[in-house]
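**Student:** The file below is protein_6.txt, compact mmCIF, C-alpha atoms:
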# COMPACT_ATOMS: atom_id res chain seq x y z
CA ARG A 194 -6.31 -26.90 5.28
CA CYS A 195 -3.56 -27.43 7.80
CA ASP A 196 -4.11 -30.51 9.95
CA PRO A 197 -1.93 -31.51 12.90
CA PRO A 198 1.09 -33.52 11.73
CA GLU A 199 1.28 -37.24 12.17
CA PRO A 200 3.82 -38.34 14.78
CA ARG A 201 6.90 -39.92 13.21
CA GLU A 202 9.00 -42.70 14.65
CA THR A 203 12.16 -40.72 14.06
CA GLY A 204 10.73 -37.68 15.86
CA ARG A 205 11.31 -35.54 12.75
CA LEU A 206 9.00 -32.58 12.35
CA ALA A 207 6.54 -32.49 9.49
CA ALA A 208 5.65 -29.50 7.32
CA PRO A 209 7.93 -26.73 8.72
CA PRO A 210 7.96 -23.08 7.62
CA ALA A 211 10.59 -21.15 5.79
CA PRO A 212 12.97 -18.54 7.19
CA LEU A 213 12.21 -14.86 7.23
CA THR A 214 15.51 -13.35 6.36
CA MET A 215 15.24 -12.99 2.57
CA ASP A 216 16.08 -9.62 1.00
CA PHE A 217 13.92 -8.30 -1.84
CA GLU A 218 15.31 -5.05 -3.21
CA VAL A 219 12.88 -4.94 -6.07
CA LEU A 220 10.69 -1.89 -5.96
CA GLU A 221 13.48 0.39 -7.09
CA GLU A 222 13.86 -1.76 -10.20
CA ASP A 223 10.22 -2.48 -11.07
CA GLU A 224 9.34 -0.66 -14.29
CA ASP A 225 5.63 -1.36 -14.02
CA ASP A 226 5.66 0.23 -10.62
CA LEU A 227 7.76 3.19 -11.66
CA SER A 228 4.38 3.74 -11.59
CA GLU A 229 2.21 4.95 3.60
CA LEU A 230 -2.76 4.85 4.25
CA PRO A 231 -5.39 6.12 6.32
CA PRO A 232 -4.49 4.62 9.66
CA LEU A 233 -3.03 1.20 8.99
CA GLU A 234 -5.03 -1.86 9.73
CA ASP A 235 -3.80 -3.73 12.77
CA VAL A 236 -1.08 -6.10 11.70
CA GLY A 237 -2.80 -8.76 13.74
CA ARG A 238 -5.96 -8.29 11.69
CA ALA A 239 -6.07 -12.01 10.91
CA ARG A 240 -6.11 -13.03 14.53
CA GLY A 241 -9.34 -14.27 15.90
CA PRO A 242 -10.10 -15.31 19.43
CA LEU A 243 -7.83 -18.07 20.60
CA GLN A 244 -9.63 -21.37 20.48
CA GLU A 245 -8.61 -24.88 21.23
CA ASP A 246 -8.97 -27.36 18.42
CA ALA A 247 -12.05 -29.48 18.91
CA GLN A 248 -10.94 -32.20 16.55
CA SER A 249 -8.62 -35.07 17.34
CA ALA A 250 -5.12 -34.95 16.00
CA GLU A 251 -4.29 -37.48 13.35
CA GLN A 252 -2.55 -40.58 14.61
CA GLY A 253 -0.08 -42.81 12.88
CA PRO A 254 -0.44 -46.57 12.62
CA GLY A 255 0.04 -48.28 15.91
CA GLU A 256 0.40 -45.02 17.86
CA ALA A 257 -1.78 -43.73 20.65
CA ALA A 258 -4.25 -40.99 19.90
CA GLU A 259 -3.15 -37.49 20.90
CA ASP A 260 -5.18 -35.31 23.26
CA PRO A 261 -7.13 -32.81 21.11
CA GLN A 262 -6.60 -30.18 23.81
CA GLU A 263 -2.86 -30.22 23.10
CA TRP A 264 -3.38 -28.36 19.83
CA LEU A 265 -4.26 -24.68 19.98
CA ASP A 266 -6.11 -23.34 16.93
CA VAL A 267 -4.49 -19.90 16.97
CA LEU A 268 -6.75 -18.15 14.45
CA GLY A 269 -9.84 -20.32 14.82
CA SER A 270 -9.62 -21.34 11.16
CA GLY A 271 -7.47 -24.48 11.41
CA LEU A 272 -4.79 -22.81 9.25
CA LEU A 273 -2.39 -22.09 12.11
CA LYS A 274 -1.94 -24.43 15.08
CA LYS A 275 0.45 -24.65 17.98
CA LYS A 276 1.29 -27.50 20.34
CA THR A 277 3.61 -27.38 23.35
CA LEU A 278 6.36 -30.01 23.27
CA VAL A 279 8.35 -28.80 26.28
CA PRO A 280 6.54 -26.61 28.87
CA GLY A 281 7.96 -23.17 29.64
CA GLN A 282 8.33 -21.07 32.77
CA GLY A 283 4.72 -19.93 33.10
CA VAL A 284 2.29 -17.53 31.45
CA GLU A 285 3.94 -14.57 33.17
CA SER A 286 7.13 -15.24 31.21
CA ARG A 287 5.48 -14.73 27.81
CA PRO A 288 7.09 -11.98 25.71
CA HIS A 289 5.27 -8.78 24.76
CA LYS A 290 4.88 -6.98 21.43
CA GLY A 291 7.74 -4.63 20.77
CA GLN A 292 10.29 -6.76 22.61
CA GLU A 293 13.24 -8.37 20.86
CA VAL A 294 13.03 -12.14 21.06
CA THR A 295 15.55 -14.83 20.22
CA VAL A 296 14.38 -18.29 19.19
CA ARG A 297 15.81 -21.55 17.94
CA LEU A 298 14.06 -22.42 14.70
CA ARG A 299 13.81 -25.57 12.61
CA ALA A 300 11.52 -25.54 9.58
CA THR A 301 10.45 -28.48 7.40
CA LEU A 302 8.12 -29.28 4.52
CA ASP A 303 5.35 -31.88 4.69
CA ASP A 304 7.72 -34.56 3.42
CA GLY A 305 10.19 -33.84 6.24
CA THR A 306 12.67 -31.89 4.14
CA VAL A 307 14.47 -29.37 6.33
CA VAL A 308 14.39 -25.93 4.69
CA GLU A 309 15.87 -23.91 7.52
CA GLU A 310 17.72 -24.33 10.79
CA ASN A 311 18.69 -21.30 12.84
CA PRO A 312 20.00 -21.78 16.39
CA SER A 313 19.59 -18.08 17.24
CA LEU A 314 17.08 -16.02 15.25
CA THR A 315 16.38 -12.55 16.71
CA PHE A 316 13.51 -10.28 15.68
CA THR A 317 11.11 -7.65 17.05
CA LEU A 318 7.88 -9.29 18.15
CA GLY A 319 4.77 -7.90 16.47
CA ASP A 320 6.60 -6.03 13.70
CA CYS A 321 6.12 -8.87 11.18
CA ASP A 322 9.89 -9.05 10.66
CA VAL A 323 9.53 -12.81 10.19
CA LEU A 324 6.91 -15.23 8.89
CA GLN A 325 3.47 -14.41 10.24
CA ALA A 326 3.14 -17.94 11.56
CA LEU A 327 6.22 -17.45 13.72
CA ASP A 328 5.38 -13.89 14.77
CA LEU A 329 1.86 -14.79 15.90
CA CYS A 330 2.72 -18.00 17.74
CA VAL A 331 5.80 -16.78 19.64
CA GLN A 332 3.51 -14.27 21.37
CA LEU A 333 1.76 -17.28 22.92
CA MET A 334 4.91 -19.06 24.05
CA GLU A 335 6.48 -19.11 27.52
CA MET A 336 10.18 -18.61 28.16
CA ARG A 337 12.18 -21.80 27.42
CA GLU A 338 9.09 -23.43 25.92
CA THR A 339 9.54 -25.61 22.84
CA ALA A 340 6.52 -25.69 20.53
CA LEU A 341 5.46 -27.30 17.28
CA ILE A 342 3.68 -25.00 14.83
CA THR A 343 1.83 -26.14 11.72
CA SER A 344 0.95 -23.41 9.27
CA ASP A 345 -0.84 -23.01 5.97
CA ALA A 346 1.16 -21.37 3.16
CA LYS A 347 -0.87 -18.20 3.69
CA TYR A 348 1.12 -17.42 6.84
CA CYS A 349 4.45 -18.51 5.41
CA TYR A 350 5.62 -17.99 1.81
CA GLY A 351 2.24 -17.98 0.12
CA ALA A 352 1.51 -18.69 -3.52
CA GLN A 353 5.03 -17.73 -4.63
CA GLY A 354 7.03 -19.93 -2.30
CA ARG A 355 10.75 -19.36 -1.93
CA SER A 356 13.02 -20.50 -4.69
CA PRO A 357 14.64 -22.96 -4.81
CA ASP A 358 13.73 -24.90 -1.66
CA ILE A 359 10.11 -23.99 -0.83
CA PRO A 360 7.51 -24.67 -3.55
CA PRO A 361 4.44 -22.47 -4.08
CA ASN A 362 1.57 -22.91 -1.64
CA ALA A 363 3.67 -25.07 0.67
CA ALA A 364 2.48 -25.68 4.22
CA LEU A 365 5.28 -25.57 6.76
CA THR A 366 5.98 -26.97 10.19
CA LEU A 367 8.11 -25.06 12.66
CA GLU A 368 9.82 -26.35 15.74
CA VAL A 369 10.53 -23.32 17.91
CA GLU A 370 12.20 -22.80 21.27
CA LEU A 371 11.91 -19.40 22.95
CA LEU A 372 15.38 -18.58 24.28
CA GLU A 373 15.24 -14.93 25.29
CA ALA A 374 13.06 -11.82 25.39
CA ARG A 375 14.31 -8.32 26.14
CA ASP A 376 13.20 -4.75 25.63
CA ALA A 377 14.02 -3.28 22.23
CA PRO A 378 16.84 -0.72 22.15
CA ASP A 379 15.98 2.93 22.77
CA LEU A 380 15.77 4.62 19.36
CA GLU A 381 17.07 7.88 20.84
CA LEU A 382 20.34 6.18 21.79
CA LEU A 383 21.03 4.45 18.47
CA SER A 384 24.10 5.56 16.56
CA GLY A 385 23.68 6.76 12.99
CA LYS A 386 24.81 3.41 11.57
CA GLU A 387 22.51 1.45 13.90
CA LYS A 388 19.51 3.57 12.95
CA ILE A 389 20.29 3.21 9.24
CA ASP A 390 20.67 -0.57 9.55
CA LEU A 391 17.41 -0.93 11.50
CA ALA A 392 15.45 1.23 9.04
CA ASN A 393 16.86 -0.72 6.09
CA ARG A 394 15.85 -4.05 7.66
CA LYS A 395 12.28 -2.83 8.06
CA ARG A 396 12.25 -1.47 4.51
CA GLU A 397 13.57 -4.72 3.07
CA ARG A 398 10.89 -6.62 4.93
CA GLY A 399 8.34 -4.32 3.33
CA ASN A 400 9.82 -5.19 -0.07
CA PHE A 401 9.38 -8.87 0.76
CA TYR A 402 5.69 -8.40 1.54
CA TYR A 403 5.25 -6.26 -1.58
CA GLN A 404 6.57 -9.13 -3.69
CA GLN A 405 4.16 -11.47 -1.91
CA ALA A 406 1.34 -9.04 -2.90
CA ASP A 407 0.56 -8.48 0.80
CA TYR A 408 0.39 -4.71 0.51
CA VAL A 409 -1.06 -4.08 3.96
CA LEU A 410 1.91 -5.74 5.66
CA ALA A 411 4.26 -4.00 3.22
CA ILE A 412 2.81 -0.65 4.28
CA ASN A 413 3.18 -1.65 7.92
CA SER A 414 6.90 -2.37 7.45
CA TYR A 415 7.54 0.86 5.54
CA ASP A 416 5.67 2.80 8.19
CA ILE A 417 7.82 1.28 10.96
CA ALA A 418 10.97 2.14 9.00
CA LEU A 419 9.81 5.75 8.65
CA LYS A 420 9.11 5.95 12.38
CA VAL A 421 12.65 4.73 13.08
CA ILE A 422 14.09 7.37 10.75
CA GLY A 423 11.91 10.15 12.14
CA SER A 424 12.53 9.34 15.81
CA SER A 425 14.37 11.91 17.88
CA SER A 426 18.00 11.23 18.77
CA LYS A 427 20.36 12.09 21.58
CA VAL A 428 23.30 11.10 19.41
CA ASP A 429 24.98 13.36 16.85
CA PHE A 430 25.11 12.01 13.29
CA THR A 431 27.70 12.78 10.66
CA PRO A 432 26.63 14.59 7.44
CA ASP A 433 27.09 11.31 5.54
CA GLU A 434 24.81 9.48 7.98
CA GLU A 435 22.19 12.23 7.68
CA ALA A 436 22.33 11.94 3.89
CA GLU A 437 22.00 8.15 4.05
CA LEU A 438 19.01 8.37 6.40
CA LEU A 439 17.33 10.76 3.96
CA ASP A 440 18.01 8.34 1.11
CA VAL A 441 16.38 5.48 3.06
CA LYS A 442 13.43 7.73 3.91
CA VAL A 443 12.86 8.61 0.25
CA LYS A 444 12.99 4.93 -0.74
CA CYS A 445 10.48 4.03 1.96
CA LEU A 446 8.09 6.80 0.93
CA ASN A 447 8.32 5.83 -2.75
CA ASN A 448 7.67 2.16 -1.97
CA LEU A 449 4.92 3.17 0.41
CA ALA A 450 3.21 5.12 -2.39
CA ALA A 451 3.50 2.08 -4.69
CA SER A 452 1.83 -0.13 -2.06
CA GLN A 453 -0.94 2.40 -1.44
CA LEU A 454 -1.60 2.60 -5.18
CA LYS A 455 -2.08 -1.17 -5.24
CA LEU A 456 -4.78 -0.80 -2.59
CA ASP A 457 -6.41 2.20 -4.34
CA HIS A 458 -5.63 4.45 -1.36
CA TYR A 459 -5.12 7.44 -3.63
CA GLU A 460 -5.12 10.25 -1.08
CA ALA A 461 -2.53 8.46 1.06
CA ALA A 462 -0.38 7.68 -1.99
CA LEU A 463 -0.57 11.33 -3.07
CA LYS A 464 0.60 12.39 0.39
CA SER A 465 3.55 9.98 0.24
CA CYS A 466 4.57 11.28 -3.20
CA ASN A 467 4.37 14.89 -2.03
CA LEU A 468 6.62 14.08 0.94
CA VAL A 469 9.23 12.69 -1.44
CA LEU A 470 8.99 15.74 -3.68
CA GLU A 471 9.49 18.04 -0.70
CA HIS A 472 12.96 16.53 -0.30
CA GLN A 473 13.67 15.79 -3.97
CA PRO A 474 11.53 17.84 -6.40
CA GLY A 475 13.08 16.02 -9.34
CA ASN A 476 12.46 12.46 -8.07
CA ILE A 477 11.20 10.66 -11.17
CA LYS A 478 9.47 7.83 -9.34
CA ALA A 479 7.53 10.25 -7.12
CA LEU A 480 6.54 12.40 -10.10
CA PHE A 481 5.42 9.34 -12.04
CA ARG A 482 3.38 7.94 -9.16
CA LYS A 483 1.84 11.33 -8.38
CA GLY A 484 0.77 11.65 -12.00
CA LYS A 485 -0.66 8.15 -11.87
CA VAL A 486 -2.60 8.89 -8.67
CA LEU A 487 -4.10 12.06 -10.16
CA ALA A 488 -5.00 10.14 -13.31
CA GLN A 489 -6.79 7.49 -11.24
CA GLN A 490 -8.76 10.30 -9.61
CA GLY A 491 -9.74 11.66 -13.03
CA GLU A 492 -7.58 14.79 -12.64
CA TYR A 493 -6.09 14.54 -16.12
CA ARG A 494 -5.37 18.25 -16.49
CA GLU A 495 -3.17 18.18 -13.37
CA ALA A 496 -1.60 14.80 -14.09
CA ILE A 497 -0.37 15.54 -17.62
CA PRO A 498 2.13 18.33 -16.76
CA ILE A 499 3.52 16.22 -13.89
CA LEU A 500 4.17 13.28 -16.20
CA LYS A 501 5.67 15.65 -18.76
CA ALA A 502 8.07 16.90 -16.07
CA ALA A 503 9.07 13.30 -15.30
CA LEU A 504 9.56 12.57 -19.00
CA LYS A 505 11.72 15.65 -19.41
CA LEU A 506 14.02 14.32 -16.68
CA GLU A 507 14.20 10.88 -18.31
CA PRO A 508 13.16 11.14 -21.99
CA SER A 509 13.98 7.50 -22.78
CA ASN A 510 11.68 6.02 -20.13
CA LYS A 511 9.12 3.91 -22.00
CA THR A 512 6.86 3.49 -18.98
CA ILE A 513 6.36 7.23 -18.61
CA HIS A 514 5.88 7.59 -22.39
CA ALA A 515 3.14 4.95 -22.38
CA GLU A 516 1.36 6.39 -19.34
CA LEU A 517 1.48 9.94 -20.73
CA SER A 518 0.13 8.88 -24.14
CA LYS A 519 -2.71 7.00 -22.48
CA LEU A 520 -3.46 9.99 -20.30
CA VAL A 521 -3.54 12.50 -23.17
CA LYS A 522 -6.05 10.33 -25.02
CA LYS A 523 -8.23 9.98 -21.93
CA HIS A 524 -8.15 13.74 -21.42
CA ALA A 525 -9.20 14.37 -25.02
CA ASP A 526 -12.05 11.87 -24.69
CA GLN A 527 -13.10 13.51 -21.42
CA LYS A 528 -13.22 16.96 -23.07
CA THR A 529 -15.32 15.59 -25.94
CA VAL A 530 -17.81 14.05 -23.52
CA GLU A 531 -18.02 17.24 -21.48
CA THR A 532 -18.58 19.40 -24.58
CA GLU A 533 -21.39 17.14 -25.76
CA MET A 534 -22.95 17.14 -22.30
CA TYR A 535 -22.94 20.95 -22.09
CA ARG A 536 -24.42 21.22 -25.58
CA LYS A 537 -27.30 18.98 -24.57
CA MET A 538 -27.82 20.91 -21.35
CA LEU A 539 -27.86 24.33 -23.06
CA GLY A 540 -29.45 23.37 -26.34
CA ASN A 541 -28.03 23.86 -29.86
CA PRO A 542 -26.49 27.37 -30.05
CA SER A 543 -26.63 27.50 -33.90
CA ALA A 544 -30.39 26.93 -33.96
CA SER A 545 -31.11 29.69 -31.50
CA SER A 546 -28.76 32.30 -32.96
CA THR A 547 -31.01 33.31 -35.91
CA PRO A 548 -34.19 34.04 -33.95
CA VAL A 549 -32.20 36.07 -31.48
CA LYS A 550 -30.78 38.14 -34.33
CA CYS A 551 -34.23 38.72 -35.86
CA LYS A 552 -35.61 39.63 -32.50
CA ASP A 553 -32.88 42.19 -31.98
CA LYS A 554 -33.51 43.64 -35.44
CA LEU A 555 -37.22 43.77 -34.80
CA THR A 556 -36.83 45.64 -31.55
CA TRP A 557 -34.88 48.40 -33.33
CA THR A 558 -36.93 48.54 -36.61
CA ILE A 559 -40.43 48.99 -35.16
CA PRO A 560 -39.66 52.06 -33.05
CA TRP A 561 -38.19 53.92 -36.05
CA LYS A 562 -41.29 53.21 -38.18
CA TRP A 563 -43.57 54.50 -35.47
CA LEU A 564 -41.38 57.54 -35.04
CA PHE A 565 -41.50 58.32 -38.77
CA GLY A 566 -45.26 57.91 -38.91
CA ALA A 567 -45.78 60.06 -35.86
CA THR A 568 -43.56 62.77 -37.35
CA ALA A 569 -45.47 62.71 -40.66
CA ILE A 570 -48.81 63.04 -38.86
CA ALA A 571 -47.47 65.88 -36.76
CA LEU A 572 -46.22 67.75 -39.82
CA GLY A 573 -49.52 67.16 -41.60
CA GLY A 574 -51.37 68.55 -38.60
CA VAL A 575 -49.23 71.69 -38.59
CA ALA A 576 -49.73 72.26 -42.34
CA LEU A 577 -53.50 71.83 -41.97
CA SER A 578 -53.56 74.39 -39.16
CA VAL A 579 -51.67 76.91 -41.27
CA VAL A 580 -54.11 76.50 -44.22
CA ILE A 581 -57.15 76.98 -42.00
CA ALA A 582 -55.65 80.03 -40.34
CA ALA A 583 -54.87 81.54 -43.77
CA ARG A 584 -58.49 81.11 -44.93
CA ASN A 585 -59.81 82.80 -41.88
Show me, as structure tokens, the structure contained in the file I just sent.

**Tutor:**
Amino acid sequence: RCDPPEPRETGRLAAPPAPLTMDFEVLEEDEDDLSELPPLEDVGRARGPLQEDAQSAEQGPGEAAEDPQEWLDVLGSGLLKKKTLVPGQGVESRPHKGQEVTVRLRATLDDGTVVEENPSLTFTLGDCDVLQALDLCVQLMEMRETALITSDAKYCYGAQGRSPDIPPNAALTLEVELLEARDAPDLELLSGKEKIDLANRKRERGNFYYQQADYVLAINSYDIALKVIGSSSKVDFTPDEEAELLDVKVKCLNNLAASQLKLDHYEAALKSCNLVLEHQPGNIKALFRKGKVLAQQGEYREAIPILKAALKLEPSNKTIHAELSKLVKKHADQKTVETEMYRKMLGNPSASSTPVKCKDKLTWTIPWKWLFGATAIALGGVALSVVIAARN
């Protein structure tokens, strides 16, 4: 639960959030995950209707009670609240999703410890490039407004925290001033280096969310990075820049597949793996994940040769060895079950083989006996006729 902070005599903010600029290049190194969705859920999925907090803010000893209407319960759950400290320039001056905004940020823990101060933090609004608490609340701020934001750990650094200054499950308080809002740059006019840098920032943000186990937001970031890479351009790129863009694209698709696997979106993960393999048929991570997806779908016969191809490329990889061994056993068990099922459906072949044989023999034996008998009778009749004729 995230209650409004108590006013302090020193004016220091309580419970601020952590910064959003950490880099997590981990997916390319994660052995367990050597292991982008149907249309993505809206990034703002957690947002409910904006409601004003109906409860009174806490008050410190000897201080006047605060007006409950000053606190805005952003999500309607009490976990994310905003209060205006310095009014802005009117509702019309609020920034819009997709714009680049610049804010002054000061973040503190509940005990008043400052964990971040940034006089000029710039990010794309609505892309989840920063803490969710910041991204959601800045959309509700007016130009030049200064606001106090109290947020549950869920919309900051979650159960993992941020080592070494933000402990796990830490609520944060942000003091934010909206300094500027401007339209994002035209992707078609970005130079090769600018496009590479932008795509990498989005990808790294996806890695951050992956490490926080927020796979939906991770997918969102990878998807944005891929859109940046795939956007048309009016600028010529050098061969090196083209190669680097392809490298970033492959990393995004591989990490996207890993995130989709975590959410059991197998068809989407399979599509992501296939896109990687179109560019790099020998990409071990894509082969491994494709094999894993097919295995999860019960397609063992198709998965085994794919994992064997990955193992051939990297024979010492223990993760692929383990997955392949597990898969071979599952396939053998599946074949045994299927064989037993068919035997029950069709009956026991060994028990029915003998009668069939006897029946076949019977169908051939009886006609020959009748034929022999009929021939004997016919011959006897002829002989009898001859004898009678002779007597006459």

**Student:** With all atoms listed in the file as the atoms that count, which of A:Glu471, A:Leu273, A:Gly283, A:Asn362 lies nearest to A:Leu327?

**Tutor:**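 The closest residue to A:Leu327 is A:Leu273.
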
**Student:** Which is closer to A:Val307 than all the others in A:Ala525, A:Leu419, A:Leu365, A:Met534, using only C-alpha atoms?

**Tutor:** A:Leu365

**Student:** Could you state the separation of atom CA of A:Thr343 and atom CA of A:Tyr403 in Å, given to one decimal place?

**Tutor:** 24.2 Å

**Student:** Which residue, A:Leu480, A:Arg398, A:Gly491, A:Gln332, has the smallest gap to A:Asp416 when you use only C-alpha atoms?

**Tutor:** A:Arg398

**Student:** Which of these, A:Asn311, A:Gln404, A:Gln473, A:Thr431, has the shortest distance to A:Lys455 once you count only C-alpha atoms?

**Tutor:**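 The shortest atom-to-atom distance to A:Lys455 comes from A:Gln404.
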
**Student:** Of the residues A:Asp376, A:Asp320, A:Glu516, A:Glu310, which is the one nearest to A:Asn413, using all atoms listed in the file?

**Tutor:** A:Asp320

**Student:** Closest to A:Glu495 among A:Ala451, A:Val369, A:Leu517, A:Lys427, using only C-alpha atoms?

**Tutor:**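 For A:Glu495, the nearest of the candidates is A:Leu517.
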
**Student:** How far is it from atom CA of A:Ala488 to atom CA of A:Ala461, in Å with one decimal?

**Tutor:**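 Atom-to-atom, atom CA of A:Ala488 and atom CA of A:Ala461 are spaced 14.7 Å apart.
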
**Student:** Near stretch 284-293 of chain A, within 7 Å and counting only C-alpha atoms, which residues show up once chain neighbours fewer than 5 positions away are dropped, as a list of chain:residue names?

**Tutor:**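 In the requested form, the answer reads A:Thr315, A:Phe316, A:Thr317, A:Leu318, A:Gly319, A:Gln332, A:Leu333, A:Met334, A:Glu335, A:Met336, A:Ala374, A:Arg375, A:Asp376, A:Ala377.
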
**Student:** Please compute the atom CA of A:Gln527-atom CA of A:Ile477 distance, one decimal, in Å.

**Tutor:**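 Going from atom CA of A:Gln527 over to atom CA of A:Ile477 covers 26.5 Å.
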
**Student:** Compile the contact shell of A:Glu368 as a list in words: residues with an atom at most 6 Å away, counting all atoms listed in the file, same-chain residues fewer than 6 positions apart removed.

**Tutor:**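 Residues meeting the cut-off are Leu298, Arg299, Ala340 and Leu341 of chain A.
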
**Student:** Would you pick out the contacts of A:Ala406 at 10 Å or less, using only C-alpha atoms, so that residues sharing its chain but fewer than 3 positions from it are not included, and give the list as a ChimeraX atom specification?

**Tutor:** /A:351-353,400-403,409-411,452,455
